[in-house]
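Chemist: My structure is in coords_28.tsv, and what it holds is TSV, C-alpha atoms and all ligand atoms:
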```tsv
chain	number	residue	atom	x	y	z
N	1	MET	CA	4.49	22.27	-20.47
N	2	LYS	CA	5.81	25.10	-18.40
N	3	ILE	CA	9.20	24.14	-16.96
N	4	ILE	CA	10.59	25.77	-13.84
N	5	VAL	CA	14.03	24.85	-12.50
N	6	GLU	CA	14.71	25.89	-8.91
N	7	LYS	CA	18.08	25.76	-7.18
N	8	ASP	CA	17.27	23.08	-4.62
N	9	TYR	CA	14.56	20.98	-2.98
N	10	GLU	CA	13.55	23.77	-0.60
N	11	LYS	CA	13.04	26.29	-3.41
N	12	MET	CA	11.17	23.72	-5.51
N	13	SER	CA	8.88	23.05	-2.56
N	14	SER	CA	8.19	26.71	-1.82
N	15	LYS	CA	7.43	27.39	-5.48
N	16	ALA	CA	4.87	24.56	-5.52
N	17	ALA	CA	3.37	25.67	-2.20
N	18	SER	CA	3.05	29.26	-3.37
N	19	LEU	CA	1.15	28.18	-6.51
N	20	ILE	CA	-1.23	26.17	-4.31
N	21	SER	CA	-1.63	28.97	-1.79
N	22	GLU	CA	-2.42	31.52	-4.53
N	23	ALA	CA	-5.02	29.13	-5.92
N	24	ILE	CA	-6.64	28.69	-2.47
N	25	GLN	CA	-6.77	32.44	-2.00
N	26	LYS	CA	-8.53	32.83	-5.35
N	27	LYS	CA	-10.83	29.85	-4.77
N	28	PRO	CA	-11.20	28.95	-1.06
N	29	ASP	CA	-13.11	25.76	-1.91
N	30	LEU	CA	-10.30	24.48	-4.13
N	31	ILE	CA	-10.30	20.79	-5.07
N	32	LEU	CA	-6.72	19.69	-4.62
N	33	GLY	CA	-5.24	16.42	-5.87
N	34	LEU	CA	-2.46	15.16	-3.60
N	35	ALA	CA	0.46	12.79	-3.98
N	36	THR	CA	2.51	10.78	-1.49
N	37	GLY	CA	6.17	9.74	-1.66
N	38	SER	CA	9.08	11.81	-0.44
N	39	THR	CA	8.93	14.45	-3.21
N	40	PRO	CA	5.92	16.51	-1.98
N	41	ILE	CA	6.86	16.44	1.74
N	42	GLY	CA	8.64	19.83	1.50
N	43	THR	CA	5.63	21.33	-0.26
N	44	TYR	CA	3.34	20.09	2.53
N	45	GLU	CA	5.73	21.49	5.17
N	46	GLU	CA	5.63	24.88	3.47
N	47	LEU	CA	1.80	24.77	3.27
N	48	ILE	CA	1.71	23.99	7.01
N	49	ARG	CA	4.00	26.95	7.66
N	50	MET	CA	1.76	29.20	5.53
N	51	HIS	CA	-1.27	27.99	7.49
N	52	LYS	CA	0.36	28.60	10.88
N	53	GLU	CA	2.16	31.86	10.12
N	54	GLU	CA	0.09	33.45	7.39
N	55	GLY	CA	-3.35	32.05	8.13
N	56	LEU	CA	-3.70	30.08	4.89
N	57	ASP	CA	-7.20	28.67	5.28
N	58	PHE	CA	-8.00	25.07	4.34
N	59	SER	CA	-11.46	24.99	5.94
N	60	LYS	CA	-13.26	24.82	2.59
N	61	VAL	CA	-10.60	22.88	0.64
N	62	THR	CA	-11.27	19.31	-0.49
N	63	THR	CA	-8.46	16.88	-1.30
N	64	PHE	CA	-8.29	13.68	-3.31
N	65	ASN	CA	-5.21	11.50	-3.09
N	66	LEU	CA	-3.84	9.67	-6.08
N	67	ASP	CA	-3.42	6.22	-4.65
N	68	GLU	CA	-3.29	3.77	-1.74
N	69	TYR	CA	-1.60	0.42	-1.16
N	70	TYR	CA	-4.07	-2.41	-1.54
N	71	GLY	CA	-4.62	-4.45	1.62
N	72	LEU	CA	-3.49	-1.75	4.06
N	73	SER	CA	-6.00	-0.25	6.47
N	74	PRO	CA	-6.08	3.54	7.02
N	75	GLU	CA	-4.55	2.97	10.49
N	76	ASP	CA	-1.57	1.03	9.11
N	77	ASP	CA	1.48	3.25	9.53
N	78	GLN	CA	2.59	2.38	5.99
N	79	SER	CA	-0.71	3.38	4.42
N	80	TYR	CA	-0.92	6.55	2.38
N	81	ARG	CA	-3.92	7.68	4.51
N	82	TYR	CA	-1.66	7.48	7.58
N	83	PHE	CA	1.10	9.35	5.72
N	84	MET	CA	-1.28	12.14	4.70
N	85	GLU	CA	-2.74	12.51	8.21
N	86	ASN	CA	0.72	12.86	9.72
N	87	THR	CA	2.44	14.80	6.99
N	88	LEU	CA	-0.30	17.33	6.28
N	89	PHE	CA	-3.91	16.94	7.41
N	90	LYS	CA	-3.46	17.01	11.20
N	91	HIS	CA	-1.36	20.19	10.95
N	92	ILE	CA	-3.89	22.29	9.01
N	93	ASN	CA	-7.55	23.26	9.45
N	94	ILE	CA	-8.94	20.87	6.84
N	95	GLU	CA	-12.19	19.03	7.60
N	96	LYS	CA	-11.55	15.28	7.84
N	97	GLU	CA	-14.63	14.52	5.70
N	98	ASN	CA	-13.17	16.69	2.93
N	99	THR	CA	-10.05	14.52	2.61
N	100	TYR	CA	-10.31	11.52	0.33
N	101	VAL	CA	-7.69	8.78	0.00
N	102	PRO	CA	-8.63	5.58	-1.86
N	103	ASP	CA	-9.73	2.80	0.51
N	104	GLY	CA	-7.03	0.13	0.52
N	105	LEU	CA	-9.53	-2.36	1.92
N	106	ALA	CA	-12.24	-1.84	-0.74
N	107	LYS	CA	-13.85	-5.24	-1.44
N	108	ASP	CA	-14.49	-4.56	-5.12
N	109	PRO	CA	-11.65	-2.16	-5.92
N	110	ASN	CA	-12.60	-1.52	-9.54
N	111	ALA	CA	-16.23	-0.68	-8.71
N	112	TYR	CA	-14.88	1.40	-5.83
N	113	GLY	CA	-12.54	3.18	-8.28
N	114	LYS	CA	-15.46	4.21	-10.47
N	115	GLU	CA	-17.23	5.64	-7.39
N	116	TYR	CA	-14.05	7.52	-6.46
N	117	ASP	CA	-13.92	9.09	-9.93
N	118	GLU	CA	-17.61	10.00	-9.76
N	119	LYS	CA	-17.08	11.65	-6.40
N	120	ILE	CA	-14.29	13.78	-7.90
N	121	GLN	CA	-16.45	14.84	-10.84
N	122	LYS	CA	-19.47	15.55	-8.62
N	123	GLN	CA	-17.33	17.99	-6.64
N	124	GLY	CA	-16.53	19.80	-9.89
N	125	GLY	CA	-13.26	18.03	-10.76
N	126	ILE	CA	-9.72	18.53	-9.51
N	127	ASP	CA	-8.48	22.12	-9.83
N	128	ILE	CA	-4.80	21.37	-9.17
N	129	GLN	CA	-3.22	17.93	-9.12
N	130	ILE	CA	0.21	17.51	-7.51
N	131	LEU	CA	2.27	14.69	-9.01
N	132	GLY	CA	5.61	13.09	-8.33
N	133	ILE	CA	7.23	10.73	-10.80
N	134	GLY	CA	8.63	7.23	-10.36
N	135	ARG	CA	12.14	6.66	-11.67
N	136	ASN	CA	10.58	4.38	-14.33
N	137	GLY	CA	8.22	7.17	-15.41
N	138	HIS	CA	5.17	6.02	-13.47
N	139	ILE	CA	2.69	8.55	-12.17
N	140	ALA	CA	0.55	7.66	-9.16
N	141	PHE	CA	0.81	3.86	-9.56
N	142	ASN	CA	0.29	3.78	-13.33
N	143	GLU	CA	3.27	1.64	-14.29
N	144	PRO	CA	4.80	1.40	-17.79
N	145	ASP	CA	2.71	-1.09	-19.81
N	146	ASP	CA	1.21	-1.78	-23.24
N	147	GLU	CA	-2.03	-0.20	-22.11
N	148	LEU	CA	-2.94	2.25	-19.36
N	149	ILE	CA	-6.31	2.16	-17.62
N	150	LEU	CA	-8.27	5.40	-17.57
N	151	SER	CA	-10.31	5.18	-14.37
N	152	THR	CA	-9.27	4.58	-10.76
N	153	HIS	CA	-8.45	0.88	-10.52
N	154	LEU	CA	-6.53	-1.93	-8.83
N	155	THR	CA	-3.05	-2.45	-10.25
N	156	GLY	CA	0.09	-4.51	-9.66
N	157	LEU	CA	3.37	-2.76	-8.85
N	158	THR	CA	6.54	-3.37	-10.86
N	159	LYS	CA	9.67	-4.78	-9.26
N	160	ASP	CA	11.38	-1.42	-9.73
N	161	THR	CA	8.64	0.41	-7.81
N	162	ILE	CA	8.57	-2.21	-5.05
N	163	ASP	CA	12.36	-1.82	-4.81
N	164	ALA	CA	12.18	1.98	-4.75
N	165	ASN	CA	9.42	2.06	-2.13
N	166	SER	CA	11.02	-0.62	0.07
N	167	ARG	CA	13.03	2.16	1.75
N	168	PHE	CA	9.90	3.05	3.73
N	169	PHE	CA	9.36	-0.56	4.96
N	170	ASP	CA	11.24	-2.87	7.37
N	171	SER	CA	11.98	-5.27	4.54
N	172	ILE	CA	11.15	-5.63	0.85
N	173	ASP	CA	8.71	-8.51	1.42
N	174	LYS	CA	6.55	-6.14	3.51
N	175	VAL	CA	5.94	-3.83	0.51
N	176	PRO	CA	2.41	-4.40	-0.86
N	177	THR	CA	2.44	-5.68	-4.44
N	178	LYS	CA	-0.84	-4.02	-5.42
N	179	ALA	CA	-2.42	-0.61	-5.13
N	180	ILE	CA	-5.56	1.31	-5.97
N	181	THR	CA	-4.59	4.22	-8.17
N	182	MET	CA	-6.24	7.02	-10.11
N	183	GLY	CA	-5.98	6.14	-13.78
N	184	LEU	CA	-4.53	8.32	-16.51
N	185	GLY	CA	-8.05	9.45	-17.48
N	186	THR	CA	-8.74	10.63	-13.93
N	187	ILE	CA	-5.39	12.44	-13.70
N	188	MET	CA	-5.67	14.05	-17.14
N	189	LYS	CA	-9.08	15.52	-16.20
N	190	ALA	CA	-7.42	17.75	-13.59
N	191	LYS	CA	-7.60	21.37	-14.72
N	192	LYS	CA	-3.99	22.06	-13.75
N	193	ILE	CA	-1.15	19.64	-13.00
N	194	ILE	CA	2.03	20.38	-11.07
N	195	LEU	CA	4.71	17.73	-11.56
N	196	LEU	CA	7.53	17.79	-9.03
N	197	ALA	CA	10.91	16.10	-9.36
N	198	ASN	CA	14.06	16.46	-7.33
N	199	GLY	CA	17.36	14.76	-6.76
N	200	LYS	CA	19.78	12.63	-8.74
N	201	ASN	CA	17.53	9.59	-8.93
N	202	LYS	CA	15.09	11.60	-11.06
N	203	THR	CA	17.70	13.12	-13.44
N	204	GLU	CA	17.52	10.36	-16.00
N	205	ILE	CA	13.74	10.04	-16.17
N	206	MET	CA	13.22	13.82	-16.36
N	207	GLY	CA	15.82	14.05	-19.15
N	208	GLU	CA	13.98	11.31	-21.03
N	209	LEU	CA	10.53	12.79	-20.42
N	210	LEU	CA	11.42	16.31	-21.48
N	211	LYS	CA	13.11	15.09	-24.68
N	212	GLN	CA	10.06	13.08	-25.80
N	213	ASP	CA	8.46	13.99	-29.10
N	214	LYS	CA	5.88	11.24	-28.76
N	215	VAL	CA	3.63	9.81	-26.09
N	216	THR	CA	4.00	6.19	-25.05
N	217	THR	CA	2.31	4.08	-22.41
N	218	ASN	CA	5.79	2.72	-21.66
N	219	LEU	CA	6.50	6.10	-20.11
N	220	PRO	CA	3.19	6.95	-18.43
N	221	ALA	CA	4.32	10.50	-17.58
N	222	SER	CA	4.66	11.20	-21.33
N	223	LEU	CA	0.85	11.38	-21.53
N	224	LEU	CA	1.14	14.62	-19.58
N	225	LEU	CA	2.59	16.16	-22.76
N	226	LEU	CA	-1.00	16.13	-24.07
N	227	HIS	CA	-2.38	18.10	-21.12
N	228	PRO	CA	-2.96	21.84	-21.72
N	229	ASP	CA	-1.81	23.07	-18.31
N	230	VAL	CA	1.16	21.25	-16.78
N	231	THR	CA	3.83	23.01	-14.73
N	232	VAL	CA	6.96	20.99	-14.07
N	233	ILE	CA	9.00	22.17	-11.09
N	234	MET	CA	12.42	20.55	-10.70
N	235	ASP	CA	15.50	21.18	-8.64
N	236	GLU	CA	18.84	21.61	-10.44
N	237	GLU	CA	19.85	17.99	-9.82
N	238	ALA	CA	16.74	16.55	-11.48
N	239	ALA	CA	17.12	19.05	-14.33
N	240	GLU	CA	20.72	18.09	-15.12
N	241	LEU	CA	19.88	16.31	-18.39
N	242	TYR	CA	17.21	18.77	-19.44
D	1	LIG	C1	5.25	6.24	-5.48
D	1	LIG	C2	3.90	6.97	-5.58
D	1	LIG	C3	3.93	8.07	-6.60
D	1	LIG	C4	5.20	8.88	-6.40
D	1	LIG	C5	6.40	8.04	-6.76
D	1	LIG	C6	7.72	8.74	-6.49
D	1	LIG	O1	5.24	4.94	-5.94
D	1	LIG	N1	2.80	6.11	-5.85
D	1	LIG	O2	2.77	8.89	-6.46
D	1	LIG	O3	5.18	10.01	-7.23
D	1	LIG	O4	6.38	6.79	-6.14
D	1	LIG	O5	8.03	8.71	-5.13
D	1	LIG	P1	9.11	9.63	-4.45
D	1	LIG	O6	8.51	11.00	-4.41
D	1	LIG	O7	9.31	9.07	-3.08
D	1	LIG	O8	10.33	9.58	-5.30
```
Translate the structure of the given file into C-alpha cells.

Modeler:
Amino acid sequence: MKIIVEKDYEKMSSKAASLISEAIQKKPDLILGLATGSTPIGTYEELIRMHKEEGLDFSKVTTFNLDEYYGLSPEDDQSYRYFMENTLFKHINIEKENTYVPDGLAKDPNAYGKEYDEKIQKQGGIDIQILGIGRNGHIAFNEPDDELILSTHLTGLTKDTIDANSRFFDSIDKVPTKAITMGLGTIMKAKKIILLANGKNKTEIMGELLKQDKVTTNLPASLLLLHPDVTVIMDEEAAELY
C-alpha cells in the first residue's frame, strides 16, 4: 500500500483528483469506479473545477458506482444515483449512458449483480476504483462478517452503518436496511484502488487497518492489503494513529 498523508480534506481531495485527471489524460476512455458518502465530495468538486477551468474531458469516460440502497428509485433524492447526478455527473461532460449505478429496484438483485459484474468486465475492467471506508471498516456496503461475498449482491446493513448514514435522512427509520453492493471480488479486480479517509471519525479505523498484519473478513478493508496497487490518501486527522 502506498500511503499519502495530506494536511487537510482539501489537499486530500486535490491529490485524489489529480491522480484521476492524470489517468484520464493518459487514457481518455478510462473506466472509473466511484463511491458515494461525504468523503469523495471534495474530489468530485475538484474534478468539476478541472473540467470547467482546464478542460478535463469526460466524454469517453465510463463510471461504475460501488453501491445503491435497495428499494430506492433513481429519482429518490436519497438514492446514490441521485447523489451522483447532482454531485458530479450533471456538472461534467460525461455521457449519461456511460454512467452505471446499481439499480436499487432490481427484481432479482443477485442475478442483476452478476450482470453488473459482467458489464464491468466486458468494458475491460475498472482502471481506478475510488473507495471510502466505513468507521467499522466496511468498503462499499461489504460489512464485517464471517464471510464476504465476491460478486455484486444484495446485503443487509449493520446498525452502525444505518446509524452513521442516518445523518443524510430525516430520521433513522427512513434509512434503507439493505443495499446492492459490489462484492470484494469485484472491487479487488480493479487495476488500481484509491482509498480516501478524512476526519476524526476515521482515525481509529485507519489506525487499526494500517497496523494489520493479517486479513480478516471482520475488517473488510483489510482485504485491500492483498491488492497490488492501493494508494491510501488521508488527511492528518484520519492519520493520527498511523
Ligand atoms: C457508506 C458507503 C461507502 C462509504 C462509507 C463512508 O455506507 N456505502 O461507500 O465509503 O459509507 O461514508 P462517508 O464517506 O460518508 O464517511

Chemist: Dig up all the protein and nucleic acid residues within 10 Å of (-4.1, 24.2, -0.5) in the file frame, using all atoms listed in the file, and format them as a PyMOL selection string.

Modeler: chain N and resi 17-25+27-34+44+47-48+50-51+56-63+92+94+128

Chemist: Show me a table, sorted first by chain and then by increasing residue number, of the residues of chain N having an atom at most 8 Å from ligand LIG 1 (chain D), each with its shortest atom pair and the distance in Å to one decimal, counting only C-alpha atoms and all ligand atoms and written as CSV.

Modeler:
```
residue,atom,partner,partner_atom,distance
N:Ala35,CA,D:LIG1,O2,5.2
N:Thr36,CA,D:LIG1,O2,5.3
N:Gly37,CA,D:LIG1,O7,3.5
N:Ser38,CA,D:LIG1,O7,3.8
N:Thr39,CA,D:LIG1,O6,3.7
N:Pro40,CA,D:LIG1,O6,6.6
N:Leu66,CA,D:LIG1,O2,6.7
N:Asp67,CA,D:LIG1,N1,6.3
N:Glu68,CA,D:LIG1,N1,7.7
N:Leu131,CA,D:LIG1,O3,5.8
N:Gly132,CA,D:LIG1,O3,3.3
N:Ile133,CA,D:LIG1,O3,4.2
N:Gly134,CA,D:LIG1,C6,4.3
N:Arg135,CA,D:LIG1,C6,7.1
N:His138,CA,D:LIG1,C5,7.1
N:Ile139,CA,D:LIG1,O2,5.7
N:Ala140,CA,D:LIG1,O2,3.7
N:Phe141,CA,D:LIG1,N1,4.8
N:Thr161,CA,D:LIG1,O1,6.0
N:Ile162,CA,D:LIG1,O1,7.9
N:Ala164,CA,D:LIG1,O1,7.6
N:Asn165,CA,D:LIG1,O1,6.3
N:Thr181,CA,D:LIG1,N1,8.0
N:Ala197,CA,D:LIG1,O6,7.5
N:Lys202,CA,D:LIG1,O8,7.7
```

Chemist: Using only C-alpha atoms, which residues sit within 9 Å of N:Lys7 once same-chain residues fewer than 6 positions away are excluded, as a VMD selection string?

Modeler: chain N and resid 234 to 237

Chemist: Hey, which of N:Asp229, N:Leu241, N:Pro144, N:Asn93 ends up closest to N:Lys211? Count only C-alpha atoms.

Modeler: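 Among the listed residues, N:Leu241 lies closest to N:Lys211.
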
Chemist: Return the single residue from N:Leu219, N:Leu154, N:Leu209, N:Met12 that is closest to N:Ala106, with distances computed using all atoms listed in the file.

Modeler: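 Of N:Leu219, N:Leu154, N:Leu209, N:Met12, the one nearest N:Ala106 is N:Leu154, counting all atoms listed in the file.
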
Chemist: With distances taken over only C-alpha atoms, which of N:Ile120, N:Ile187, N:Leu157, N:Ile180 is nearest to N:Gly71?

Modeler: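 Ranking N:Ile120, N:Ile187, N:Leu157, N:Ile180 by distance to N:Gly71, first place goes to N:Ile180.
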
Chemist: Counting only C-alpha atoms, figure out which residue out of N:Asn65, N:Thr186, N:Thr155, N:Gln78 gets nearest to N:Glu118.

Modeler: N:Thr186

Chemist: Can you measure atom CA of N:Glu75 to atom CA of N:Ser171 for me? One decimal in Å is fine.

Modeler: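 Interatomic distance here is 19.4 Å.
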
Chemist: State, in Å with one decimal place, the distance from atom CA of N:Glu46 to atom CA of N:Lys192.

Modeler: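 Atom CA of N:Lys192 lies 19.9 Å from atom CA of N:Glu46.
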
Chemist: Could you check how far atom CA of N:Lys200 sits from atom CA of N:Asp8, in Å to one decimal?

Modeler: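 According to the coordinates, atom CA of N:Lys200 and atom CA of N:Asp8 are separated by 11.5 Å.
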
Chemist: Need to verify the contact set: N:Lys114, 9 Å, only C-alpha atoms, exclusion of same-chain residues closer than 6 positions in sequence. Can you return it as an MDAnalysis selection string?

Modeler: chainID N and resid 151:153

Chemist: Skip N:Tyr69 itself and residues of its chain fewer than 5 positions away, then list as number ranges by chain all residues within 9 Å of it, counting all atoms listed in the file.

Modeler: N: 78-80, 102-105, 175-181

Chemist: Let me make sure I understand: among N:Lys189, N:Asn201, N:Asp117, N:Ser73, which one has the smallest atom-to-atom distance to N:Gly137 if we use only C-alpha atoms?

Modeler: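 Residue with the minimum atom-to-atom distance to N:Gly137: N:Asn201.
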
Chemist: Any idea what's packed within 8 Å of N:Tyr242, counting all atoms listed in the file, ignoring anything in its chain fewer than 4 positions away? Could you give it as a list in words?

Modeler: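 The neighbour list is Met206, Gly207, Leu210 and Lys211 of chain N.
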
Chemist: Select, from N:Thr217, N:Glu147, N:Leu223, N:Asn198, the residue with the minimum atom-to-atom distance to N:Glu10, counting all atoms listed in the file.

Modeler: N:Asn198

Chemist: Extract, using only C-alpha atoms, all DNA, RNA and protein residues at most 8 Å from N:Asn142, discarding same-chain residues fewer than 6 positions from it, and format them as a list in words.

Modeler: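 Residues near the query, excluding close chain neighbours: Leu148, Thr155, Thr181, Met182, Gly183, Leu184 and Pro220 of chain N.
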
Chemist: Pull all heavy atoms for stretch 194-205 of chain N from the block and write them as a PDB file, in the first residue's frame.

Modeler:
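Written out: out_4.pdb:
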```pdb
ATOM      1  N   ILE N 194      -7.915   3.666  -5.020  1.00  0.00           N
ATOM      2  CA  ILE N 194      -7.557   4.828  -4.192  1.00  0.00           C
ATOM      3  C   ILE N 194      -8.525   4.857  -3.013  1.00  0.00           C
ATOM      4  O   ILE N 194      -9.737   5.008  -3.200  1.00  0.00           O
ATOM      5  CB  ILE N 194      -7.661   6.149  -4.996  1.00  0.00           C
ATOM      6  CG1 ILE N 194      -6.682   6.131  -6.176  1.00  0.00           C
ATOM      7  CG2 ILE N 194      -7.378   7.346  -4.092  1.00  0.00           C
ATOM      8  CD1 ILE N 194      -6.787   7.349  -7.093  1.00  0.00           C
ATOM      9  N   LEU N 195      -7.992   4.661  -1.818  1.00  0.00           N
ATOM     10  CA  LEU N 195      -8.822   4.674  -0.610  1.00  0.00           C
ATOM     11  C   LEU N 195      -8.662   6.028   0.076  1.00  0.00           C
ATOM     12  O   LEU N 195      -7.541   6.442   0.385  1.00  0.00           O
ATOM     13  CB  LEU N 195      -8.380   3.539   0.329  1.00  0.00           C
ATOM     14  CG  LEU N 195      -9.036   3.502   1.710  1.00  0.00           C
ATOM     15  CD1 LEU N 195     -10.532   3.209   1.622  1.00  0.00           C
ATOM     16  CD2 LEU N 195      -8.366   2.453   2.607  1.00  0.00           C
ATOM     17  N   LEU N 196      -9.782   6.689   0.300  1.00  0.00           N
ATOM     18  CA  LEU N 196      -9.753   8.021   0.918  1.00  0.00           C
ATOM     19  C   LEU N 196     -10.314   7.957   2.335  1.00  0.00           C
ATOM     20  O   LEU N 196     -11.315   7.267   2.576  1.00  0.00           O
ATOM     21  CB  LEU N 196     -10.624   8.991   0.113  1.00  0.00           C
ATOM     22  CG  LEU N 196     -10.247   9.207  -1.357  1.00  0.00           C
ATOM     23  CD1 LEU N 196     -11.298  10.080  -2.038  1.00  0.00           C
ATOM     24  CD2 LEU N 196      -8.874   9.857  -1.444  1.00  0.00           C
ATOM     25  N   ALA N 197      -9.685   8.688   3.246  1.00  0.00           N
ATOM     26  CA  ALA N 197     -10.227   8.769   4.610  1.00  0.00           C
ATOM     27  C   ALA N 197      -9.866  10.114   5.199  1.00  0.00           C
ATOM     28  O   ALA N 197      -8.719  10.556   5.093  1.00  0.00           O
ATOM     29  CB  ALA N 197      -9.661   7.648   5.474  1.00  0.00           C
ATOM     30  N   ASN N 198     -10.851  10.755   5.794  1.00  0.00           N
ATOM     31  CA  ASN N 198     -10.570  12.041   6.434  1.00  0.00           C
ATOM     32  C   ASN N 198     -11.367  12.184   7.722  1.00  0.00           C
ATOM     33  O   ASN N 198     -12.400  11.524   7.903  1.00  0.00           O
ATOM     34  CB  ASN N 198     -10.915  13.201   5.484  1.00  0.00           C
ATOM     35  CG  ASN N 198     -12.405  13.342   5.291  1.00  0.00           C
ATOM     36  OD1 ASN N 198     -13.014  12.562   4.560  1.00  0.00           O
ATOM     37  ND2 ASN N 198     -13.009  14.294   5.967  1.00  0.00           N
ATOM     38  N   GLY N 199     -10.862  13.024   8.575  1.00  0.00           N
ATOM     39  CA  GLY N 199     -11.602  13.408   9.775  1.00  0.00           C
ATOM     40  C   GLY N 199     -11.419  12.447  10.939  1.00  0.00           C
ATOM     41  O   GLY N 199     -11.000  11.309  10.788  1.00  0.00           O
ATOM     42  N   LYS N 200     -11.811  12.980  12.116  1.00  0.00           N
ATOM     43  CA  LYS N 200     -11.619  12.261  13.381  1.00  0.00           C
ATOM     44  C   LYS N 200     -12.378  10.944  13.442  1.00  0.00           C
ATOM     45  O   LYS N 200     -11.930  10.004  14.090  1.00  0.00           O
ATOM     46  CB  LYS N 200     -12.092  13.152  14.535  1.00  0.00           C
ATOM     47  CG  LYS N 200     -11.107  14.229  14.903  1.00  0.00           C
ATOM     48  CD  LYS N 200     -11.487  14.793  16.271  1.00  0.00           C
ATOM     49  CE  LYS N 200     -10.751  16.060  16.653  1.00  0.00           C
ATOM     50  NZ  LYS N 200      -9.489  16.359  16.006  1.00  0.00           N
ATOM     51  N   ASN N 201     -13.551  10.876  12.790  1.00  0.00           N
ATOM     52  CA  ASN N 201     -14.305   9.625  12.921  1.00  0.00           C
ATOM     53  C   ASN N 201     -13.710   8.478  12.095  1.00  0.00           C
ATOM     54  O   ASN N 201     -14.195   7.360  12.150  1.00  0.00           O
ATOM     55  CB  ASN N 201     -15.813   9.810  12.689  1.00  0.00           C
ATOM     56  CG  ASN N 201     -16.132  10.174  11.269  1.00  0.00           C
ATOM     57  OD1 ASN N 201     -15.254  10.621  10.531  1.00  0.00           O
ATOM     58  ND2 ASN N 201     -17.370   9.978  10.856  1.00  0.00           N
ATOM     59  N   LYS N 202     -12.618   8.760  11.382  1.00  0.00           N
ATOM     60  CA  LYS N 202     -11.923   7.684  10.658  1.00  0.00           C
ATOM     61  C   LYS N 202     -10.550   7.373  11.271  1.00  0.00           C
ATOM     62  O   LYS N 202      -9.857   6.462  10.814  1.00  0.00           O
ATOM     63  CB  LYS N 202     -11.766   8.047   9.177  1.00  0.00           C
ATOM     64  CG  LYS N 202     -13.076   8.284   8.440  1.00  0.00           C
ATOM     65  CD  LYS N 202     -13.919   7.022   8.327  1.00  0.00           C
ATOM     66  CE  LYS N 202     -15.365   7.277   7.941  1.00  0.00           C
ATOM     67  NZ  LYS N 202     -15.556   7.793   6.607  1.00  0.00           N
ATOM     68  N   THR N 203     -10.153   8.133  12.317  1.00  0.00           N
ATOM     69  CA  THR N 203      -8.823   7.949  12.909  1.00  0.00           C
ATOM     70  C   THR N 203      -8.630   6.525  13.404  1.00  0.00           C
ATOM     71  O   THR N 203      -7.635   5.862  13.111  1.00  0.00           O
ATOM     72  CB  THR N 203      -8.634   8.918  14.111  1.00  0.00           C
ATOM     73  OG1 THR N 203      -9.037  10.213  13.715  1.00  0.00           O
ATOM     74  CG2 THR N 203      -7.192   8.935  14.580  1.00  0.00           C
ATOM     75  N   GLU N 204      -9.619   6.064  14.172  1.00  0.00           N
ATOM     76  CA  GLU N 204      -9.477   4.759  14.810  1.00  0.00           C
ATOM     77  C   GLU N 204      -9.401   3.626  13.785  1.00  0.00           C
ATOM     78  O   GLU N 204      -8.509   2.779  13.852  1.00  0.00           O
ATOM     79  CB  GLU N 204     -10.685   4.535  15.713  1.00  0.00           C
ATOM     80  CG  GLU N 204     -10.324   3.800  16.971  1.00  0.00           C
ATOM     81  CD  GLU N 204     -11.493   3.824  17.933  1.00  0.00           C
ATOM     82  OE1 GLU N 204     -11.840   4.935  18.412  1.00  0.00           O
ATOM     83  OE2 GLU N 204     -12.069   2.756  18.146  1.00  0.00           O
ATOM     84  N   ILE N 205     -10.301   3.640  12.817  1.00  0.00           N
ATOM     85  CA  ILE N 205     -10.339   2.541  11.845  1.00  0.00           C
ATOM     86  C   ILE N 205      -9.089   2.561  10.954  1.00  0.00           C
ATOM     87  O   ILE N 205      -8.531   1.502  10.627  1.00  0.00           O
ATOM     88  CB  ILE N 205     -11.660   2.537  11.016  1.00  0.00           C
ATOM     89  CG1 ILE N 205     -11.782   1.226  10.231  1.00  0.00           C
ATOM     90  CG2 ILE N 205     -11.790   3.721  10.087  1.00  0.00           C
ATOM     91  CD1 ILE N 205     -11.923  -0.011  11.059  1.00  0.00           C
TER      92      ILE N 205
END
```
